[in-house]
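Structure file protein-v5.cif with mmCIF, C-alpha atoms and all ligand atoms:
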data_query
#
loop_
_atom_site.label_atom_id
_atom_site.label_comp_id
_atom_site.auth_asym_id
_atom_site.auth_seq_id
_atom_site.Cartn_x
_atom_site.Cartn_y
_atom_site.Cartn_z
CA MET A 709 -98.61 -51.89 163.60
CA GLU A 710 -98.82 -51.55 167.37
CA PRO A 711 -96.20 -53.57 169.24
CA LEU A 712 -97.49 -56.56 171.18
CA ILE A 713 -97.18 -55.81 174.93
CA ARG A 714 -97.01 -58.43 177.69
CA VAL A 715 -96.66 -58.06 181.47
CA GLY A 716 -94.77 -60.55 183.65
CA LEU A 717 -94.77 -60.98 187.43
CA GLY A 718 -91.83 -62.32 189.41
CA TYR A 719 -91.52 -63.27 193.07
CA ASP A 720 -88.82 -64.90 195.15
CA LEU A 721 -87.95 -65.44 198.80
CA HIS A 722 -84.72 -66.70 200.35
CA ARG A 723 -83.82 -67.44 203.98
CA TRP A 724 -81.03 -65.56 205.73
CA GLU A 725 -77.89 -67.39 206.87
CA ALA A 726 -74.94 -66.24 208.98
CA GLY A 727 -71.97 -64.63 207.21
CA GLY A 728 -71.85 -61.90 204.58
CA PRO A 729 -71.87 -60.38 202.14
CA LEU A 730 -75.36 -60.09 200.69
CA ILE A 731 -75.55 -60.40 196.88
CA LEU A 732 -78.58 -58.61 195.48
CA GLY A 733 -79.17 -57.55 191.90
CA GLY A 734 -75.64 -58.73 191.16
CA VAL A 735 -74.23 -56.18 193.62
CA GLU A 736 -72.20 -57.10 196.72
CA ILE A 737 -73.66 -55.42 199.81
CA PRO A 738 -71.74 -55.45 203.09
CA HIS A 739 -73.89 -57.27 205.68
CA GLU A 740 -73.29 -59.86 208.38
CA ARG A 741 -75.60 -62.33 206.69
CA HIS A 742 -76.21 -63.76 203.22
CA LEU A 743 -79.14 -65.43 201.48
CA ALA A 744 -79.25 -69.22 201.48
CA GLY A 745 -79.83 -71.08 198.22
CA HIS A 746 -78.65 -73.62 195.69
CA SER A 747 -77.34 -70.95 193.29
CA ASP A 748 -75.83 -67.65 194.48
CA ALA A 749 -79.32 -66.99 195.98
CA ASP A 750 -79.76 -63.58 194.36
CA ALA A 751 -83.50 -63.27 195.04
CA LEU A 752 -83.79 -60.04 193.04
CA LEU A 753 -82.28 -61.51 189.86
CA HIS A 754 -84.40 -64.66 190.33
CA ALA A 755 -87.62 -62.62 190.53
CA VAL A 756 -86.59 -60.54 187.49
CA THR A 757 -85.73 -63.70 185.52
CA ASP A 758 -89.13 -65.23 186.33
CA ALA A 759 -90.94 -62.01 185.36
CA VAL A 760 -89.14 -61.88 181.99
CA LEU A 761 -89.82 -65.56 181.25
CA GLY A 762 -93.45 -65.30 182.37
CA ALA A 763 -94.16 -62.24 180.22
CA ALA A 764 -92.91 -64.08 177.13
CA GLY A 765 -94.60 -67.37 178.09
CA GLU A 766 -91.19 -69.08 178.08
CA GLY A 767 -91.35 -71.14 181.27
CA ASP A 768 -89.90 -70.32 184.67
CA ILE A 769 -86.55 -70.26 186.43
CA GLY A 770 -87.13 -73.61 188.18
CA GLU A 771 -87.77 -75.31 184.84
CA LEU A 772 -84.77 -73.78 183.08
CA PHE A 773 -82.34 -74.13 185.97
CA PRO A 774 -83.52 -77.02 188.21
CA ASP A 775 -81.95 -77.09 191.69
CA THR A 776 -81.51 -80.85 191.24
CA ASP A 777 -78.91 -80.13 188.53
CA PRO A 778 -75.39 -79.98 190.04
CA ASP A 779 -74.42 -77.54 187.24
CA ASN A 780 -76.66 -74.95 188.89
CA ARG A 781 -74.93 -75.16 192.30
CA GLY A 782 -73.47 -71.76 193.17
CA LYS A 783 -74.49 -70.52 189.71
CA ASP A 784 -74.16 -66.80 189.00
CA SER A 785 -77.74 -65.53 188.73
CA SER A 786 -76.61 -62.89 186.19
CA GLU A 787 -75.94 -65.84 183.88
CA MET A 788 -79.47 -67.20 184.43
CA LEU A 789 -81.01 -63.81 183.63
CA GLY A 790 -78.70 -63.56 180.60
CA GLU A 791 -79.91 -66.94 179.32
CA ALA A 792 -83.55 -65.97 179.93
CA MET A 793 -82.98 -62.68 178.05
CA SER A 794 -81.43 -64.52 175.08
CA ARG A 795 -84.37 -66.92 175.05
CA VAL A 796 -87.00 -64.16 174.91
CA ALA A 797 -84.91 -61.99 172.54
CA ARG A 798 -84.86 -64.90 170.05
CA ARG A 799 -88.67 -64.53 169.93
CA GLY A 800 -88.34 -60.80 169.30
CA TRP A 801 -89.14 -59.56 172.81
CA ARG A 802 -87.46 -56.51 174.37
CA VAL A 803 -87.91 -55.00 177.83
CA LEU A 804 -89.91 -51.77 178.10
CA ASN A 805 -89.56 -51.29 181.85
CA ILE A 806 -89.24 -53.08 185.15
CA ASP A 807 -90.30 -52.17 188.68
CA CYS A 808 -89.23 -54.12 191.78
CA VAL A 809 -90.00 -54.18 195.50
CA VAL A 810 -87.40 -55.70 197.83
CA GLN A 811 -88.85 -56.63 201.21
CA THR A 812 -86.19 -56.79 203.90
CA GLN A 813 -85.94 -55.54 207.47
CA ARG A 814 -82.19 -54.92 207.04
CA PRO A 815 -79.85 -53.78 205.60
CA LYS A 816 -80.90 -50.39 204.26
CA LEU A 817 -80.67 -50.67 200.46
CA LEU A 818 -80.90 -47.01 199.45
CA PRO A 819 -77.09 -46.53 199.38
CA PHE A 820 -76.87 -49.42 196.87
CA ARG A 821 -79.95 -48.63 194.80
CA GLU A 822 -78.18 -46.88 191.93
CA ALA A 823 -75.55 -49.63 191.62
CA ILE A 824 -78.31 -52.26 191.48
CA ARG A 825 -80.37 -50.26 188.95
CA THR A 826 -77.30 -49.74 186.77
CA ASN A 827 -76.50 -53.46 186.78
CA LEU A 828 -80.11 -54.44 186.05
CA ALA A 829 -80.30 -51.93 183.18
CA LYS A 830 -77.17 -53.49 181.69
CA LEU A 831 -78.49 -57.06 182.09
CA LEU A 832 -81.86 -56.13 180.57
CA ASP A 833 -80.31 -53.96 177.83
CA VAL A 834 -82.40 -50.89 178.67
CA SER A 835 -81.68 -47.32 179.78
CA LEU A 836 -81.54 -46.56 183.50
CA ASP A 837 -84.85 -44.66 183.49
CA ARG A 838 -86.66 -47.91 182.66
CA VAL A 839 -85.53 -49.67 185.84
CA TRP A 840 -86.82 -48.92 189.32
CA ILE A 841 -86.30 -50.54 192.70
CA LYS A 842 -87.74 -49.73 196.07
CA ALA A 843 -87.15 -51.32 199.45
CA LYS A 844 -89.71 -51.94 202.19
CA THR A 845 -89.13 -53.26 205.70
CA GLY A 846 -91.32 -55.92 207.28
CA GLU A 847 -92.37 -53.49 210.04
CA GLY A 848 -90.80 -55.93 212.48
CA VAL A 849 -93.46 -58.60 211.91
CA GLY A 850 -93.73 -61.79 209.87
CA SER A 851 -90.79 -63.65 208.34
CA ILE A 852 -89.43 -60.46 206.74
CA GLY A 853 -89.71 -58.35 209.88
CA ARG A 854 -88.17 -61.07 212.08
CA GLU A 855 -85.25 -61.19 209.63
CA GLU A 856 -85.82 -64.81 208.73
CA ALA A 857 -86.11 -64.08 205.01
CA LEU A 858 -85.84 -61.49 202.24
CA ALA A 859 -88.46 -61.40 199.48
CA VAL A 860 -88.71 -59.64 196.12
CA GLN A 861 -91.62 -58.84 193.85
CA CYS A 862 -91.25 -57.36 190.39
CA VAL A 863 -93.22 -56.62 187.27
CA VAL A 864 -91.76 -56.33 183.80
CA LEU A 865 -93.29 -55.13 180.57
CA LEU A 866 -92.08 -56.67 177.30
CA ALA A 867 -92.79 -55.53 173.75
CA GLN A 868 -92.62 -57.53 170.54
CA ASP A 869 -92.51 -55.39 167.42
CA ALA A 870 -94.96 -56.53 164.78
MG MG B 901 -84.49 -68.02 194.19
#
Structure translated into structure tokens:
Amino acid sequence: MEPLIRVGLGYDLHRWEAGGPLILGGVEIPHERHLAGHSDADALLHAVTDAVLGAAGEGDIGELFPDTDPDNRGKDSSEMLGEAMSRVARRGWRVLNIDCVVQTQRPKLLPFREAIRTNLAKLLDVSLDRVWIKAKTGEGVGSIGREEALAVQCVVLLAQDA
């Protein structure tokens, strides 16, 4: 039997605040600012978590980890993705591949790309060739270009073996 295939879309945006470092994809990136948020504000892991949950029809990150819950304050986003992965794995889903776009004017992410891909591959339990990340600037315009926020979009493909 053909495996059942489902696509999921994830998106997240966080505001910049003074003081580094930036945490993105579970990797610490030297920068003079960090992302503001209730948890550790890792916008990339939040978008990936939402994409995984959406593909499996298992809710969303706000439902599973409400920001009104004090337990989620400063929470490690790797833990949230881990819990989402366990949830979808219990239903027999596995990740086929993931592709992400990080929109940020600064800092340049290319020097950290392989570290982020490696960490994501580990969290998603897939080989490195199934994970891709690219960065785009905001061309100096809009909230991204004015360095007010960083945003992430990602798509994930899940398979459920019949
Ligand atoms: Mg978020």
Exercise. Around (-87.7, -47.9, 188.4) in the file's own coordinates, what residues are found within 10 Å if you use all atoms listed in the file, given back as an MDAnalysis selection string?
Worked result: chainID A and resid 805:809 825 829 836:842
Please report as a tab-separated table every residue of chain A lying within 12 Å of ligand MG 901 (chain B), along with the nearest atom pair and their distance in Å (one decimal), using all atoms listed in the file.
residue	atom	partner	partner_atom	distance
A:Gly718	CA	B:MG901	MG	10.5
A:Tyr719	CA	B:MG901	MG	8.6
A:Asp720	CA	B:MG901	MG	5.4
A:Leu721	CA	B:MG901	MG	6.3
A:His722	CA	B:MG901	MG	6.3
A:Arg723	CA	B:MG901	MG	9.8
A:Leu732	CA	B:MG901	MG	11.2
A:Gly733	CA	B:MG901	MG	12.0
A:Leu743	CA	B:MG901	MG	9.4
A:Ala744	CA	B:MG901	MG	9.1
A:Gly745	CA	B:MG901	MG	6.9
A:His746	CA	B:MG901	MG	8.2
A:Ser747	CA	B:MG901	MG	7.8
A:Asp748	CA	B:MG901	MG	8.7
A:Ala749	CA	B:MG901	MG	5.6
A:Asp750	CA	B:MG901	MG	6.5
A:Ala751	CA	B:MG901	MG	4.9
A:Leu752	CA	B:MG901	MG	8.1
A:Leu753	CA	B:MG901	MG	8.1
A:His754	CA	B:MG901	MG	5.1
A:Ala755	CA	B:MG901	MG	7.2
A:Val756	CA	B:MG901	MG	10.3
A:Thr757	CA	B:MG901	MG	9.8
A:Asp758	CA	B:MG901	MG	9.5
A:Asp768	CA	B:MG901	MG	11.2
A:Ile769	CA	B:MG901	MG	8.3
A:Gly770	CA	B:MG901	MG	8.6
A:Phe773	CA	B:MG901	MG	10.5
A:Pro774	CA	B:MG901	MG	10.8
A:Asp775	CA	B:MG901	MG	9.7
A:Asn780	CA	B:MG901	MG	11.7
A:Gly782	CA	B:MG901	MG	11.7
A:Lys783	CA	B:MG901	MG	11.2
A:Asp784	CA	B:MG901	MG	11.6
A:Ser785	CA	B:MG901	MG	9.0
A:Met788	CA	B:MG901	MG	11.0
A:Leu789	CA	B:MG901	MG	11.9
A:Ala857	CA	B:MG901	MG	11.6
A:Leu858	CA	B:MG901	MG	10.5
A:Ala859	CA	B:MG901	MG	9.4
A:Val860	CA	B:MG901	MG	9.6
A:Gln861	CA	B:MG901	MG	11.6
Print the selection's residues with C-alpha atoms to a file, as a PDB file, keeping the file's coordinate frame.
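Below you can see part_29.pdb, which holds the result:
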ATOM      1  CA  GLY A 718     -91.830 -62.320 189.410  1.00  0.00           C
ATOM      2  CA  TYR A 719     -91.520 -63.270 193.070  1.00  0.00           C
ATOM      3  CA  ASP A 720     -88.820 -64.900 195.150  1.00  0.00           C
ATOM      4  CA  LEU A 721     -87.950 -65.440 198.800  1.00  0.00           C
ATOM      5  CA  HIS A 722     -84.720 -66.700 200.350  1.00  0.00           C
ATOM      6  CA  ARG A 723     -83.820 -67.440 203.980  1.00  0.00           C
ATOM      7  CA  LEU A 732     -78.580 -58.610 195.480  1.00  0.00           C
ATOM      8  CA  GLY A 733     -79.170 -57.550 191.900  1.00  0.00           C
ATOM      9  CA  LEU A 743     -79.140 -65.430 201.480  1.00  0.00           C
ATOM     10  CA  ALA A 744     -79.250 -69.220 201.480  1.00  0.00           C
ATOM     11  CA  GLY A 745     -79.830 -71.080 198.220  1.00  0.00           C
ATOM     12  CA  HIS A 746     -78.650 -73.620 195.690  1.00  0.00           C
ATOM     13  CA  SER A 747     -77.340 -70.950 193.290  1.00  0.00           C
ATOM     14  CA  ASP A 748     -75.830 -67.650 194.480  1.00  0.00           C
ATOM     15  CA  ALA A 749     -79.320 -66.990 195.980  1.00  0.00           C
ATOM     16  CA  ASP A 750     -79.760 -63.580 194.360  1.00  0.00           C
ATOM     17  CA  ALA A 751     -83.500 -63.270 195.040  1.00  0.00           C
ATOM     18  CA  LEU A 752     -83.790 -60.040 193.040  1.00  0.00           C
ATOM     19  CA  LEU A 753     -82.280 -61.510 189.860  1.00  0.00           C
ATOM     20  CA  HIS A 754     -84.400 -64.660 190.330  1.00  0.00           C
ATOM     21  CA  ALA A 755     -87.620 -62.620 190.530  1.00  0.00           C
ATOM     22  CA  VAL A 756     -86.590 -60.540 187.490  1.00  0.00           C
ATOM     23  CA  THR A 757     -85.730 -63.700 185.520  1.00  0.00           C
ATOM     24  CA  ASP A 758     -89.130 -65.230 186.330  1.00  0.00           C
ATOM     25  CA  ASP A 768     -89.900 -70.320 184.670  1.00  0.00           C
ATOM     26  CA  ILE A 769     -86.550 -70.260 186.430  1.00  0.00           C
ATOM     27  CA  GLY A 770     -87.130 -73.610 188.180  1.00  0.00           C
ATOM     28  CA  PHE A 773     -82.340 -74.130 185.970  1.00  0.00           C
ATOM     29  CA  PRO A 774     -83.520 -77.020 188.210  1.00  0.00           C
ATOM     30  CA  ASP A 775     -81.950 -77.090 191.690  1.00  0.00           C
ATOM     31  CA  ASN A 780     -76.660 -74.950 188.890  1.00  0.00           C
ATOM     32  CA  GLY A 782     -73.470 -71.760 193.170  1.00  0.00           C
ATOM     33  CA  LYS A 783     -74.490 -70.520 189.710  1.00  0.00           C
ATOM     34  CA  ASP A 784     -74.160 -66.800 189.000  1.00  0.00           C
ATOM     35  CA  SER A 785     -77.740 -65.530 188.730  1.00  0.00           C
ATOM     36  CA  MET A 788     -79.470 -67.200 184.430  1.00  0.00           C
ATOM     37  CA  LEU A 789     -81.010 -63.810 183.630  1.00  0.00           C
ATOM     38  CA  ALA A 857     -86.110 -64.080 205.010  1.00  0.00           C
ATOM     39  CA  LEU A 858     -85.840 -61.490 202.240  1.00  0.00           C
ATOM     40  CA  ALA A 859     -88.460 -61.400 199.480  1.00  0.00           C
ATOM     41  CA  VAL A 860     -88.710 -59.640 196.120  1.00  0.00           C
ATOM     42  CA  GLN A 861     -91.620 -58.840 193.850  1.00  0.00           C
TER      43      GLN A 861
END
Exercise. For Val735 (chain A), which residue among A:Ile713, A:Ile824, A:Leu804, A:Ala792 is the nearest when counting all atoms listed in the file?
Worked result: A:Ile824
For this session: Go through A:Gly728, A:Gly734, A:Gly765, A:Gly848 one by one, measure the shortest atom-to-atom distance of each to Arg799 (chain A) using all atoms listed in the file, and give the residue with the smallest value.
Result: A:Gly765
Problem set entry | Counting only C-alpha atoms, the residue of A:Val760, A:Leu818, A:Ala726, A:Leu831 that sits nearest Val863 (chain A) |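 For Val863 (chain A), the nearest of the candidates is A:Val760.
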For this session: Please provide as an MDAnalysis selection string all residues within 12 Å of Leu712 (chain A), with the sequence filter that same-chain residues fewer than 4 positions apart are discarded (counting all atoms listed in the file).
Result: chainID A and resid 763:764 799:804 865:870
Exercise. So how far away is CA of Gln811 (chain A) from CA of Arg854 (chain A), in Å?
Worked result: 11.8 Å
